[in-house]
$ cat coords.pdb   # PDB, C-alpha atoms, pLDDT in the B column
MODEL        1
ATOM      1  CA  MET L 230     -32.900-148.756 -66.205  1.00 58.00           C
ATOM      2  CA  TYR L 231     -34.981-150.374 -63.504  1.00 62.00           C
ATOM      3  CA  ASN L 232     -37.015-152.505 -65.909  1.00 68.00           C
ATOM      4  CA  GLY L 233     -33.923-153.799 -67.761  1.00 74.00           C
ATOM      5  CA  MET L 234     -34.628-151.905 -70.990  1.00 78.00           C
ATOM      6  CA  LEU L 235     -31.984-149.754 -72.664  1.00 84.00           C
ATOM      7  CA  ILE L 236     -32.737-146.020 -72.759  1.00 83.00           C
ATOM      8  CA  GLN L 237     -31.203-145.618 -76.227  1.00 84.00           C
ATOM      9  CA  ASN L 238     -33.906-147.951 -77.592  1.00 83.00           C
ATOM     10  CA  LEU L 239     -36.763-145.854 -76.191  1.00 82.00           C
ATOM     11  CA  ASP L 240     -38.392-142.557 -77.086  1.00 81.00           C
ATOM     12  CA  ILE L 241     -37.605-140.176 -74.194  1.00 78.00           C
ATOM     13  CA  LYS L 242     -41.161-138.808 -74.280  1.00 76.00           C
ATOM     14  CA  ASP L 243     -42.521-142.283 -73.576  1.00 74.00           C
ATOM     15  CA  VAL L 244     -40.174-143.191 -70.703  1.00 75.00           C
ATOM     16  CA  SER L 245     -42.098-143.485 -67.472  1.00 71.00           C
ATOM     17  CA  SER L 246     -40.580-143.045 -64.054  1.00 69.00           C
ATOM     18  CA  GLU L 247     -40.324-146.252 -62.052  1.00 71.00           C
ATOM     19  CA  ARG L 248     -38.900-146.253 -58.564  1.00 72.00           C
ATOM     20  CA  ARG L 249     -36.957-149.083 -57.001  1.00 69.00           C
ATOM     21  CA  ASN L 250     -37.791-147.753 -53.547  1.00 78.00           C
ATOM     22  CA  PRO L 251     -41.014-145.690 -53.460  1.00 81.00           C
ATOM     23  CA  ILE L 252     -40.664-145.025 -49.715  1.00 88.00           C
ATOM     24  CA  LEU L 253     -37.229-143.456 -50.194  1.00 84.00           C
ATOM     25  CA  ALA L 254     -38.504-141.469 -53.200  1.00 80.00           C
ATOM     26  CA  ASN L 255     -41.388-140.094 -51.114  1.00 84.00           C
ATOM     27  CA  VAL L 256     -39.039-139.115 -48.274  1.00 88.00           C
ATOM     28  CA  MET L 257     -36.703-137.344 -50.729  1.00 82.00           C
ATOM     29  CA  ALA L 258     -39.664-135.483 -52.231  1.00 80.00           C
ATOM     30  CA  GLN L 259     -40.931-134.414 -48.790  1.00 84.00           C
ATOM     31  CA  LEU L 260     -37.454-133.174 -47.854  1.00 84.00           C
ATOM     32  CA  ASP L 261     -37.509-131.090 -51.057  1.00 77.00           C
ATOM     33  CA  TYR L 262     -34.519-132.939 -52.554  1.00 76.00           C
ATOM     34  CA  MET L 263     -36.547-133.681 -55.681  1.00 71.00           C
ATOM     35  CA  GLU L 264     -38.334-131.000 -57.671  1.00 64.00           C
ATOM     36  CA  LYS L 265     -40.692-133.233 -59.594  1.00 62.00           C
ATOM     37  CA  ARG L 266     -40.655-136.986 -59.837  1.00 63.00           C
ATOM     38  CA  GLY L 267     -40.235-138.429 -63.298  1.00 65.00           C
ATOM     39  CA  SER L 268     -39.346-135.155 -65.025  1.00 66.00           C
ATOM     40  CA  GLY L 269     -35.554-135.451 -65.240  1.00 77.00           C
ATOM     41  CA  LEU L 270     -35.003-136.625 -68.822  1.00 82.00           C
ATOM     42  CA  THR L 271     -37.589-134.258 -70.259  1.00 81.00           C
ATOM     43  CA  ARG L 272     -36.182-131.362 -68.212  1.00 81.00           C
ATOM     44  CA  ILE L 273     -32.649-132.078 -69.414  1.00 84.00           C
ATOM     45  CA  CYS L 274     -33.874-131.990 -73.025  1.00 85.00           C
ATOM     46  CA  ASN L 275     -35.944-128.814 -72.530  1.00 84.00           C
ATOM     47  CA  GLU L 276     -33.250-126.920 -70.591  1.00 84.00           C
ATOM     48  CA  THR L 277     -30.622-127.837 -73.178  1.00 85.00           C
ATOM     49  CA  LYS L 278     -32.886-126.768 -76.040  1.00 84.00           C
ATOM     50  CA  ALA L 279     -33.337-123.357 -74.369  1.00 83.00           C
ATOM     51  CA  LEU L 280     -29.572-122.661 -74.282  1.00 82.00           C
ATOM     52  CA  ASP L 281     -27.990-120.105 -76.577  1.00 78.00           C
ATOM     53  CA  GLY L 282     -26.355-121.749 -79.586  1.00 79.00           C
ATOM     54  CA  TYR L 283     -28.490-124.895 -79.394  1.00 82.00           C
ATOM     55  CA  LYS L 284     -28.777-126.969 -82.557  1.00 84.00           C
ATOM     56  CA  ASP L 285     -30.599-130.269 -83.039  1.00 84.00           C
ATOM     57  CA  GLU L 286     -27.279-132.083 -83.429  1.00 85.00           C
ATOM     58  CA  LEU L 287     -26.384-130.916 -79.896  1.00 85.00           C
ATOM     59  CA  LYS L 288     -29.390-132.536 -78.229  1.00 87.00           C
ATOM     60  CA  PRO L 289     -28.550-134.658 -75.163  1.00 89.00           C
ATOM     61  CA  VAL L 290     -27.807-138.337 -75.671  1.00 88.00           C
ATOM     62  CA  PHE L 291     -28.921-140.911 -73.120  1.00 87.00           C
ATOM     63  CA  LYS L 292     -27.286-144.357 -72.969  1.00 88.00           C
ATOM     64  CA  SER L 293     -27.726-147.214 -70.570  1.00 85.00           C
ATOM     65  CA  SER L 294     -26.449-150.696 -69.933  1.00 85.00           C
ATOM     66  CA  PRO L 295     -27.616-153.201 -67.326  1.00 81.00           C
ATOM     67  CA  THR L 296     -25.323-151.506 -64.765  1.00 81.00           C
ATOM     68  CA  GLN L 297     -24.922-147.878 -65.883  1.00 82.00           C
ATOM     69  CA  PHE L 298     -26.848-144.836 -67.059  1.00 80.00           C
ATOM     70  CA  GLN L 299     -25.061-142.102 -68.989  1.00 86.00           C
ATOM     71  CA  THR L 300     -26.161-138.637 -70.082  1.00 87.00           C
ATOM     72  CA  ILE L 301     -24.065-136.752 -72.639  1.00 87.00           C
ATOM     73  CA  ILE L 302     -24.651-133.015 -72.926  1.00 84.00           C
ATOM     74  CA  PHE L 303     -22.800-131.237 -75.720  1.00 80.00           C
ATOM     75  CA  ALA L 304     -21.555-127.659 -75.583  1.00 74.00           C
ATOM     76  CA  ALA L 305     -21.935-125.289 -78.508  1.00 69.00           C
ATOM     77  CA  SER L 306     -18.537-124.361 -79.903  1.00 59.00           C
ATOM     78  CA  ASP L 307     -19.290-120.618 -79.693  1.00 55.00           C
ATOM     79  CA  THR L 308     -20.436-120.655 -76.056  1.00 51.00           C
ATOM     80  CA  LEU L 309     -18.362-118.876 -73.415  1.00 50.00           C
ATOM     81  CA  ASN L 310     -17.375-121.259 -70.647  1.00 50.00           C
ATOM     82  CA  VAL L 311     -16.395-120.237 -67.147  1.00 46.00           C
ATOM     83  CA  GLY L 312     -12.642-119.658 -67.232  1.00 46.00           C
ATOM     84  CA  ASP L 313     -12.512-118.809 -70.957  1.00 46.00           C
ATOM     85  CA  HIS L 314     -11.010-115.380 -70.405  1.00 43.00           C
ATOM     86  CA  ASP L 315      -7.722-114.183 -71.860  1.00 43.00           C
ATOM     87  CA  GLY L 316      -7.523-110.973 -69.855  1.00 42.00           C
ATOM     88  CA  ASP L 317      -8.808-108.598 -72.542  1.00 42.00           C
ATOM     89  CA  VAL L 318     -12.330-107.700 -71.527  1.00 41.00           C
ATOM     90  CA  SER L 319     -13.132-106.112 -74.880  1.00 44.00           C
ATOM     91  CA  GLU L 320     -12.735-109.593 -76.390  1.00 47.00           C
ATOM     92  CA  THR L 321     -15.044-111.241 -73.854  1.00 61.00           C
ATOM     93  CA  LYS L 322     -18.034-112.811 -75.561  1.00 79.00           C
ATOM     94  CA  LEU L 323     -21.274-112.731 -73.651  1.00 87.00           C
ATOM     95  CA  THR L 324     -24.208-114.969 -74.337  1.00 90.00           C
ATOM     96  CA  GLU L 325     -27.505-113.306 -75.113  1.00 91.00           C
ATOM     97  CA  ARG L 326     -28.801-114.310 -71.683  1.00 93.00           C
ATOM     98  CA  GLN L 327     -25.731-112.879 -69.922  1.00 93.00           C
ATOM     99  CA  GLN L 328     -26.319-109.621 -71.792  1.00 92.00           C
ATOM    100  CA  LYS L 329     -29.933-109.634 -70.599  1.00 93.00           C
ATOM    101  CA  ILE L 330     -28.746-110.262 -67.028  1.00 94.00           C
ATOM    102  CA  LEU L 331     -26.427-107.253 -67.212  1.00 93.00           C
ATOM    103  CA  ASN L 332     -29.261-105.104 -68.575  1.00 92.00           C
ATOM    104  CA  LEU L 333     -31.486-106.200 -65.659  1.00 94.00           C
ATOM    105  CA  ILE L 334     -28.699-105.319 -63.230  1.00 92.00           C
ATOM    106  CA  LYS L 335     -28.262-101.893 -64.857  1.00 91.00           C
ATOM    107  CA  GLU L 336     -31.977-101.247 -64.313  1.00 91.00           C
ATOM    108  CA  SER L 337     -31.990-102.604 -60.755  1.00 90.00           C
ATOM    109  CA  PRO L 338     -28.611-103.303 -59.077  1.00 90.00           C
ATOM    110  CA  THR L 339     -30.331-104.962 -56.090  1.00 90.00           C
ATOM    111  CA  ILE L 340     -32.207-107.504 -58.240  1.00 91.00           C
ATOM    112  CA  THR L 341     -32.094-111.068 -56.912  1.00 90.00           C
ATOM    113  CA  GLY L 342     -31.219-114.234 -58.781  1.00 90.00           C
ATOM    114  CA  LYS L 343     -34.766-115.431 -58.257  1.00 91.00           C
ATOM    115  CA  GLN L 344     -36.179-112.261 -59.828  1.00 92.00           C
ATOM    116  CA  MET L 345     -33.788-112.637 -62.772  1.00 93.00           C
ATOM    117  CA  SER L 346     -34.787-116.271 -63.286  1.00 92.00           C
ATOM    118  CA  GLU L 347     -38.486-115.342 -63.260  1.00 93.00           C
ATOM    119  CA  THR L 348     -37.980-112.430 -65.660  1.00 93.00           C
ATOM    120  CA  LEU L 349     -35.881-114.472 -68.104  1.00 93.00           C
ATOM    121  CA  SER L 350     -37.924-117.683 -67.680  1.00 91.00           C
ATOM    122  CA  VAL L 351     -34.933-119.875 -66.818  1.00 91.00           C
ATOM    123  CA  SER L 352     -34.003-121.797 -63.693  1.00 91.00           C
ATOM    124  CA  GLN L 353     -32.350-120.040 -60.788  1.00 91.00           C
ATOM    125  CA  ARG L 354     -29.381-122.409 -61.188  1.00 92.00           C
ATOM    126  CA  THR L 355     -28.923-121.200 -64.785  1.00 92.00           C
ATOM    127  CA  ILE L 356     -28.800-117.597 -63.529  1.00 92.00           C
ATOM    128  CA  GLU L 357     -26.289-118.599 -60.834  1.00 92.00           C
ATOM    129  CA  ARG L 358     -24.007-120.162 -63.472  1.00 92.00           C
ATOM    130  CA  ASP L 359     -24.208-117.046 -65.657  1.00 93.00           C
ATOM    131  CA  LEU L 360     -23.521-114.759 -62.697  1.00 93.00           C
ATOM    132  CA  ALA L 361     -20.534-116.915 -61.696  1.00 91.00           C
ATOM    133  CA  ALA L 362     -19.158-116.723 -65.253  1.00 91.00           C
ATOM    134  CA  LEU L 363     -19.610-112.942 -65.332  1.00 92.00           C
ATOM    135  CA  GLN L 364     -17.861-112.611 -61.969  1.00 90.00           C
ATOM    136  CA  LYS L 365     -15.028-114.966 -62.964  1.00 89.00           C
ATOM    137  CA  ASN L 366     -14.450-112.932 -66.137  1.00 87.00           C
ATOM    138  CA  GLY L 367     -14.281-109.686 -64.162  1.00 87.00           C
ATOM    139  CA  VAL L 368     -17.418-108.217 -65.682  1.00 91.00           C
ATOM    140  CA  LEU L 369     -19.520-108.215 -62.529  1.00 91.00           C
ATOM    141  CA  LYS L 370     -19.045-108.180 -58.780  1.00 90.00           C
ATOM    142  CA  ARG L 371     -21.251-108.350 -55.733  1.00 89.00           C
ATOM    143  CA  ASP L 372     -20.988-105.637 -53.061  1.00 87.00           C
ATOM    144  CA  GLY L 373     -22.412-106.456 -49.657  1.00 82.00           C
ATOM    145  CA  LYS L 374     -24.101-109.547 -48.356  1.00 77.00           C
ATOM    146  CA  ASP L 375     -26.201-111.933 -50.425  1.00 71.00           C
ATOM    147  CA  ASN L 376     -29.462-110.815 -48.835  1.00 73.00           C
ATOM    148  CA  ASP L 377     -28.922-107.041 -48.873  1.00 77.00           C
ATOM    149  CA  GLY L 378     -26.077-106.353 -51.297  1.00 84.00           C
ATOM    150  CA  MET L 379     -26.033-105.057 -54.834  1.00 89.00           C
ATOM    151  CA  TRP L 380     -24.518-105.981 -58.183  1.00 90.00           C
ATOM    152  CA  VAL L 381     -21.837-103.761 -59.709  1.00 90.00           C
ATOM    153  CA  ILE L 382     -20.878-103.921 -63.379  1.00 89.00           C
ATOM    154  CA  VAL L 383     -17.089-103.653 -63.242  1.00 84.00           C
ATOM    155  CA  LYS L 384     -16.089-103.593 -66.910  1.00 70.00           C
ATOM    156  CA  LYS L 385     -18.167-101.406 -69.187  1.00 57.00           C
ATOM    157  CA  SER L 386     -15.974-101.835 -72.251  1.00 43.00           C
ATOM    158  CA  ILE L 387     -17.911-104.893 -73.372  1.00 51.00           C
ATOM    159  CA  LYS L 388     -20.145-104.375 -76.381  1.00 50.00           C
ATOM    160  CA  GLY L 389     -23.716-103.657 -75.446  1.00 48.00           C
ATOM    161  CA  ILE L 390     -23.181-102.548 -71.860  1.00 48.00           C
TER
ENDMDL
END
$ encode --input "coords.pdb" --output "C-alpha coordinates"
Amino acid sequence: MYNGMLIQNLDIKDVSSERRNPILANVMAQLDYMEKRGSGLTRICNETKALDGYKDELKPVFKSSPTQFQTIIFAASDTLNVGDHDGDVSETKLTERQQKILNLIKESPTITGKQMSETLSVSQRTIERDLAALQKNGVLKRDGKDNDGMWVIVKKSIKGI
(Lines of atoms letter the chains of each structure in order from A and count residues from 1; the text may use other names and numbers.)
(Lines give C-alpha, C1' and ligand atoms only; values in the text may rest on other atoms or scores of the structure.)
Protein backbone atom coordinates (compact mmCIF):
# COMPACT_ATOMS: atom_id res chain seq x y z
CA MET A 1 0.00 0.00 0.00
CA TYR A 2 1.24 3.45 -0.88
CA ASN A 3 0.75 4.86 2.62
CA GLY A 4 2.55 1.94 4.32
CA MET A 5 -0.58 0.49 5.93
CA LEU A 6 -1.49 -3.18 5.59
CA ILE A 7 -4.69 -3.89 3.65
CA GLN A 8 -5.64 -6.79 5.93
CA ASN A 9 -5.90 -4.31 8.83
CA LEU A 10 -8.36 -2.06 6.99
CA ASP A 11 -12.04 -2.22 6.09
CA ILE A 12 -12.18 -2.47 2.28
CA LYS A 13 -15.09 -0.01 2.17
CA ASP A 14 -12.93 2.63 3.83
CA VAL A 15 -9.82 2.21 1.65
CA SER A 16 -9.26 5.30 -0.43
CA SER A 17 -7.35 5.35 -3.68
CA GLU A 18 -4.00 7.10 -3.49
CA ARG A 19 -1.79 7.41 -6.53
CA ARG A 20 1.98 7.44 -6.49
CA ASN A 21 2.01 9.15 -9.87
CA PRO A 22 -1.17 11.16 -10.57
CA ILE A 23 0.09 12.24 -14.01
CA LEU A 24 0.52 8.62 -15.12
CA ALA A 25 -2.88 7.71 -13.63
CA ASN A 26 -4.53 10.53 -15.60
CA VAL A 27 -2.84 9.45 -18.84
CA MET A 28 -3.96 5.83 -18.29
CA ALA A 29 -7.52 7.02 -17.65
CA GLN A 30 -7.53 9.17 -20.80
CA LEU A 31 -6.24 6.24 -22.86
CA ASP A 32 -9.16 4.19 -21.48
CA TYR A 33 -6.85 1.70 -19.73
CA MET A 34 -8.67 2.31 -16.46
CA GLU A 35 -12.43 2.02 -16.10
CA LYS A 36 -12.82 3.94 -12.87
CA ARG A 37 -10.12 5.11 -10.53
CA GLY A 38 -10.28 3.78 -7.00
CA SER A 39 -12.97 1.16 -7.65
CA GLY A 40 -10.85 -1.99 -7.96
CA LEU A 41 -11.19 -3.58 -4.51
CA THR A 42 -14.91 -2.85 -4.27
CA ARG A 43 -15.46 -4.16 -7.82
CA ILE A 44 -13.58 -7.37 -7.05
CA CYS A 45 -15.80 -7.92 -4.00
CA ASN A 46 -19.04 -7.09 -5.86
CA GLU A 47 -18.22 -9.16 -8.97
CA THR A 48 -17.24 -12.15 -6.82
CA LYS A 49 -20.42 -11.85 -4.75
CA ALA A 50 -22.49 -11.94 -7.97
CA LEU A 51 -21.00 -15.29 -9.09
CA ASP A 52 -23.03 -18.48 -8.99
CA GLY A 53 -22.21 -20.56 -5.92
CA TYR A 54 -20.92 -17.61 -3.90
CA LYS A 55 -20.86 -18.00 -0.13
CA ASP A 56 -19.57 -15.54 2.47
CA GLU A 57 -16.65 -17.85 3.25
CA LEU A 58 -15.56 -17.49 -0.40
CA LYS A 59 -15.24 -13.70 -0.29
CA PRO A 60 -11.94 -12.36 -1.67
CA VAL A 61 -9.03 -11.92 0.72
CA PHE A 62 -6.64 -9.00 0.35
CA LYS A 63 -3.16 -9.11 1.93
CA SER A 64 -0.27 -6.72 1.72
CA SER A 65 3.25 -6.31 2.99
CA PRO A 66 5.59 -3.35 2.54
CA THR A 67 6.61 -4.75 -0.87
CA GLN A 68 3.66 -6.82 -2.13
CA PHE A 69 -0.10 -6.78 -2.61
CA GLN A 70 -2.00 -10.04 -2.94
CA THR A 71 -5.60 -10.80 -3.86
CA ILE A 72 -6.98 -14.29 -3.26
CA ILE A 73 -10.17 -15.22 -5.07
CA PHE A 74 -11.70 -18.58 -4.17
CA ALA A 75 -13.64 -20.80 -6.55
CA ALA A 76 -16.82 -22.56 -5.51
CA SER A 77 -16.32 -26.31 -5.50
CA ASP A 78 -19.40 -26.90 -7.69
CA THR A 79 -18.45 -24.37 -10.39
CA LEU A 80 -17.57 -25.59 -13.88
CA ASN A 81 -14.13 -24.40 -14.89
CA VAL A 82 -12.90 -24.08 -18.45
CA GLY A 83 -11.40 -27.45 -19.36
CA ASP A 84 -13.53 -29.44 -16.89
CA HIS A 85 -15.05 -31.65 -19.56
CA ASP A 86 -14.83 -35.43 -19.64
CA GLY A 87 -16.26 -35.86 -23.12
CA ASP A 88 -19.82 -36.76 -22.12
CA VAL A 89 -21.91 -33.70 -22.84
CA SER A 90 -24.91 -35.01 -20.93
CA GLU A 91 -22.76 -34.78 -17.79
CA THR A 92 -21.68 -31.20 -18.48
CA LYS A 93 -22.80 -28.89 -15.70
CA LEU A 94 -23.75 -25.39 -16.72
CA THR A 95 -23.92 -22.46 -14.38
CA GLU A 96 -27.20 -20.62 -14.15
CA ARG A 97 -25.70 -17.72 -16.09
CA GLN A 98 -24.41 -20.03 -18.85
CA GLN A 99 -27.92 -21.47 -19.13
CA LYS A 100 -29.30 -17.94 -19.45
CA ILE A 101 -26.71 -17.18 -22.15
CA LEU A 102 -27.81 -20.24 -24.13
CA ASN A 103 -31.46 -19.20 -23.79
CA LEU A 104 -30.59 -15.72 -25.11
CA ILE A 105 -28.76 -17.31 -28.04
CA LYS A 106 -31.76 -19.56 -28.78
CA GLU A 107 -33.95 -16.45 -28.95
CA SER A 108 -31.46 -14.45 -31.02
CA PRO A 109 -28.47 -16.31 -32.54
CA THR A 110 -26.88 -13.02 -33.68
CA ILE A 111 -26.88 -11.49 -30.18
CA THR A 112 -23.63 -9.78 -29.22
CA GLY A 113 -21.60 -10.21 -26.05
CA LYS A 114 -22.35 -6.61 -25.18
CA GLN A 115 -26.10 -7.20 -25.50
CA MET A 116 -25.81 -10.33 -23.33
CA SER A 117 -23.85 -8.45 -20.67
CA GLU A 118 -26.47 -5.68 -20.58
CA THR A 119 -29.37 -8.14 -20.42
CA LEU A 120 -27.78 -10.23 -17.65
CA SER A 121 -26.29 -7.22 -15.80
CA VAL A 122 -22.74 -8.59 -15.74
CA SER A 123 -19.51 -7.36 -17.30
CA GLN A 124 -18.73 -8.11 -20.92
CA ARG A 125 -15.59 -9.94 -19.75
CA THR A 126 -17.76 -12.28 -17.64
CA ILE A 127 -19.84 -13.09 -20.74
CA GLU A 128 -16.65 -13.69 -22.75
CA ARG A 129 -15.40 -16.18 -20.13
CA ASP A 130 -18.73 -18.03 -20.14
CA LEU A 131 -18.83 -18.13 -23.94
CA ALA A 132 -15.24 -19.44 -24.01
CA ALA A 133 -16.16 -22.18 -21.51
CA LEU A 134 -19.23 -23.15 -23.54
CA GLN A 135 -17.15 -23.29 -26.72
CA LYS A 136 -14.34 -25.26 -25.06
CA ASN A 137 -16.88 -27.80 -23.79
CA GLY A 138 -18.37 -28.23 -27.26
CA VAL A 139 -21.74 -26.77 -26.35
CA LEU A 140 -21.51 -23.67 -28.51
CA LYS A 141 -19.72 -22.47 -31.62
CA ARG A 142 -19.47 -19.27 -33.58
CA ASP A 143 -20.22 -19.29 -37.32
CA GLY A 144 -18.93 -16.36 -39.33
CA LYS A 145 -16.98 -13.32 -38.31
CA ASP A 146 -17.18 -11.62 -34.92
CA ASN A 147 -19.05 -8.61 -36.28
CA ASP A 148 -21.58 -10.39 -38.51
CA GLY A 149 -21.62 -14.04 -37.45
CA MET A 150 -24.04 -16.04 -35.37
CA TRP A 151 -23.96 -18.41 -32.42
CA VAL A 152 -24.85 -22.07 -32.93
CA ILE A 153 -25.77 -24.39 -30.07
CA VAL A 154 -23.92 -27.59 -30.98
CA LYS A 155 -24.98 -30.01 -28.25
CA LYS A 156 -28.65 -30.01 -27.33
CA SER A 157 -28.47 -33.00 -25.00
CA ILE A 158 -27.69 -30.80 -22.02
CA LYS A 159 -30.50 -30.40 -19.52
CA GLY A 160 -32.51 -27.27 -20.07
CA ILE A 161 -31.55 -26.57 -23.67
$ resolve_selection --input "coords.pdb" --expression "the PyMOL selection byres ((chain L and resi 302) around 6)" --output "list of chain:residue names"
L:Pro289, L:Ile301, L:Phe303
$ axis_aligned_box --input "coords.pdb" --around "segment 366-385 of chain L" --padding-each-side "5 Å" --output "AutoDock Vina command-line options"
--center_x -21.9 --center_y -107.2 --center_z -58.8 --size_x 25.2 --size_y 21.5 --size_z 30.8
$ resolve_selection --input "coords.pdb" --expression "the PyMOL selection byres ((chain L and resi 332-340) around 10)" --output "list in words"
Arg326, Gln327, Gln328, Lys329, Ile330, Leu331, Thr341, Gly342, Lys343, Gln344, Met345, Thr348, Leu349, Leu369, Arg371, Asp372, Asp375, Asn376, Asp377, Gly378, Met379, Trp380, Val381, Ile382, Gly389 and Ile390 of chain L
$ resolve_selection --input "coords.pdb" --expression "the PyMOL selection byres ((chain L and resi 269-280) around 9)" --output "PDB file with C-alpha atoms, in the frame of the given file"
ATOM      1  CA  ILE L 241     -37.605-140.176 -74.194  1.00 78.00           C
ATOM      2  CA  LYS L 242     -41.161-138.808 -74.280  1.00 76.00           C
ATOM      3  CA  VAL L 244     -40.174-143.191 -70.703  1.00 75.00           C
ATOM      4  CA  LYS L 265     -40.692-133.233 -59.594  1.00 62.00           C
ATOM      5  CA  ARG L 266     -40.655-136.986 -59.837  1.00 63.00           C
ATOM      6  CA  GLY L 267     -40.235-138.429 -63.298  1.00 65.00           C
ATOM      7  CA  SER L 268     -39.346-135.155 -65.025  1.00 66.00           C
ATOM      8  CA  ASP L 281     -27.990-120.105 -76.577  1.00 78.00           C
ATOM      9  CA  GLY L 282     -26.355-121.749 -79.586  1.00 79.00           C
ATOM     10  CA  TYR L 283     -28.490-124.895 -79.394  1.00 82.00           C
ATOM     11  CA  LYS L 284     -28.777-126.969 -82.557  1.00 84.00           C
ATOM     12  CA  ASP L 285     -30.599-130.269 -83.039  1.00 84.00           C
ATOM     13  CA  LEU L 287     -26.384-130.916 -79.896  1.00 85.00           C
ATOM     14  CA  LYS L 288     -29.390-132.536 -78.229  1.00 87.00           C
ATOM     15  CA  PRO L 289     -28.550-134.658 -75.163  1.00 89.00           C
ATOM     16  CA  PHE L 291     -28.921-140.911 -73.120  1.00 87.00           C
ATOM     17  CA  ILE L 302     -24.651-133.015 -72.926  1.00 84.00           C
ATOM     18  CA  PHE L 303     -22.800-131.237 -75.720  1.00 80.00           C
ATOM     19  CA  ARG L 326     -28.801-114.310 -71.683  1.00 93.00           C
ATOM     20  CA  VAL L 351     -34.933-119.875 -66.818  1.00 91.00           C
ATOM     21  CA  SER L 352     -34.003-121.797 -63.693  1.00 91.00           C
TER      22      SER L 352
END
$ closest_residue --input "coords.pdb" --among "L:Val290, L:Glu347, L:Asn238, L:Asp359" --to "Glu325 of chain L" --atoms "all atoms listed in the file"
L:Asp359
$ build_atoms --input "coords.pdb" --residues "segment 320-340 of chain L" --atoms "N, CA, C and O atoms" --output "mmCIF file, in the coordinates of the input"
data_model
loop_
_atom_site.group_PDB
_atom_site.id
_atom_site.type_symbol
_atom_site.label_atom_id
_atom_site.label_comp_id
_atom_site.auth_asym_id
_atom_site.auth_seq_id
_atom_site.Cartn_x
_atom_site.Cartn_y
_atom_site.Cartn_z
ATOM 1 N N GLU L 320 -12.592 -108.378 -75.598
ATOM 2 C CA GLU L 320 -12.735 -109.593 -76.390
ATOM 3 C C GLU L 320 -13.703 -110.581 -75.758
ATOM 4 O O GLU L 320 -14.012 -111.600 -76.343
ATOM 5 N N THR L 321 -14.159 -110.311 -74.540
ATOM 6 C CA THR L 321 -15.044 -111.241 -73.854
ATOM 7 C C THR L 321 -16.363 -111.340 -74.591
ATOM 8 O O THR L 321 -16.986 -110.336 -74.901
ATOM 9 N N LYS L 322 -16.766 -112.577 -74.877
ATOM 10 C CA LYS L 322 -18.034 -112.811 -75.561
ATOM 11 C C LYS L 322 -19.075 -113.156 -74.513
ATOM 12 O O LYS L 322 -18.866 -114.027 -73.686
ATOM 13 N N LEU L 323 -20.176 -112.463 -74.567
ATOM 14 C CA LEU L 323 -21.274 -112.731 -73.651
ATOM 15 C C LEU L 323 -22.381 -113.437 -74.407
ATOM 16 O O LEU L 323 -22.639 -113.136 -75.568
ATOM 17 N N THR L 324 -23.035 -114.353 -73.732
ATOM 18 C CA THR L 324 -24.208 -114.969 -74.337
ATOM 19 C C THR L 324 -25.339 -113.946 -74.307
ATOM 20 O O THR L 324 -25.283 -112.947 -73.581
ATOM 21 N N GLU L 325 -26.352 -114.203 -75.088
ATOM 22 C CA GLU L 325 -27.505 -113.306 -75.113
ATOM 23 C C GLU L 325 -28.135 -113.197 -73.725
ATOM 24 O O GLU L 325 -28.522 -112.118 -73.275
ATOM 25 N N ARG L 326 -28.204 -114.319 -73.016
ATOM 26 C CA ARG L 326 -28.801 -114.310 -71.683
ATOM 27 C C ARG L 326 -27.933 -113.514 -70.704
ATOM 28 O O ARG L 326 -28.437 -112.766 -69.878
ATOM 29 N N GLN L 327 -26.607 -113.655 -70.792
ATOM 30 C CA GLN L 327 -25.731 -112.879 -69.922
ATOM 31 C C GLN L 327 -25.896 -111.385 -70.186
ATOM 32 O O GLN L 327 -25.883 -110.580 -69.258
ATOM 33 N N GLN L 328 -26.078 -111.026 -71.442
ATOM 34 C CA GLN L 328 -26.319 -109.621 -71.792
ATOM 35 C C GLN L 328 -27.617 -109.133 -71.163
ATOM 36 O O GLN L 328 -27.688 -108.035 -70.620
ATOM 37 N N LYS L 329 -28.649 -109.988 -71.210
ATOM 38 C CA LYS L 329 -29.933 -109.634 -70.599
ATOM 39 C C LYS L 329 -29.788 -109.487 -69.088
ATOM 40 O O LYS L 329 -30.384 -108.588 -68.484
ATOM 41 N N ILE L 330 -28.986 -110.353 -68.475
ATOM 42 C CA ILE L 330 -28.746 -110.262 -67.028
ATOM 43 C C ILE L 330 -28.098 -108.926 -66.695
ATOM 44 O O ILE L 330 -28.511 -108.230 -65.760
ATOM 45 N N LEU L 331 -27.095 -108.534 -67.460
ATOM 46 C CA LEU L 331 -26.427 -107.253 -67.212
ATOM 47 C C LEU L 331 -27.385 -106.075 -67.399
ATOM 48 O O LEU L 331 -27.333 -105.104 -66.644
ATOM 49 N N ASN L 332 -28.264 -106.170 -68.373
ATOM 50 C CA ASN L 332 -29.261 -105.104 -68.575
ATOM 51 C C ASN L 332 -30.214 -105.028 -67.385
ATOM 52 O O ASN L 332 -30.580 -103.938 -66.945
ATOM 53 N N LEU L 333 -30.623 -106.196 -66.851
ATOM 54 C CA LEU L 333 -31.486 -106.200 -65.659
ATOM 55 C C LEU L 333 -30.767 -105.572 -64.473
ATOM 56 O O LEU L 333 -31.362 -104.822 -63.697
ATOM 57 N N ILE L 334 -29.489 -105.872 -64.343
ATOM 58 C CA ILE L 334 -28.699 -105.319 -63.230
ATOM 59 C C ILE L 334 -28.532 -103.809 -63.384
ATOM 60 O O ILE L 334 -28.581 -103.071 -62.396
ATOM 61 N N LYS L 335 -28.353 -103.344 -64.631
ATOM 62 C CA LYS L 335 -28.262 -101.893 -64.857
ATOM 63 C C LYS L 335 -29.538 -101.190 -64.408
ATOM 64 O O LYS L 335 -29.494 -100.121 -63.806
ATOM 65 N N GLU L 336 -30.685 -101.830 -64.686
ATOM 66 C CA GLU L 336 -31.977 -101.247 -64.313
ATOM 67 C C GLU L 336 -32.212 -101.318 -62.808
ATOM 68 O O GLU L 336 -32.815 -100.425 -62.226
ATOM 69 N N SER L 337 -31.753 -102.398 -62.181
ATOM 70 C CA SER L 337 -31.990 -102.604 -60.755
ATOM 71 C C SER L 337 -30.818 -103.368 -60.139
ATOM 72 O O SER L 337 -30.821 -104.603 -60.119
ATOM 73 N N PRO L 338 -29.806 -102.649 -59.620
ATOM 74 C CA PRO L 338 -28.611 -103.303 -59.077
ATOM 75 C C PRO L 338 -28.883 -104.234 -57.883
ATOM 76 O O PRO L 338 -28.054 -105.076 -57.569
ATOM 77 N N THR L 339 -30.027 -104.103 -57.242
ATOM 78 C CA THR L 339 -30.331 -104.962 -56.090
ATOM 79 C C THR L 339 -31.185 -106.170 -56.483
ATOM 80 O O THR L 339 -31.639 -106.912 -55.607
ATOM 81 N N ILE L 340 -31.379 -106.391 -57.770
ATOM 82 C CA ILE L 340 -32.207 -107.504 -58.240
ATOM 83 C C ILE L 340 -31.637 -108.835 -57.733
ATOM 84 O O ILE L 340 -30.417 -108.995 -57.622
#
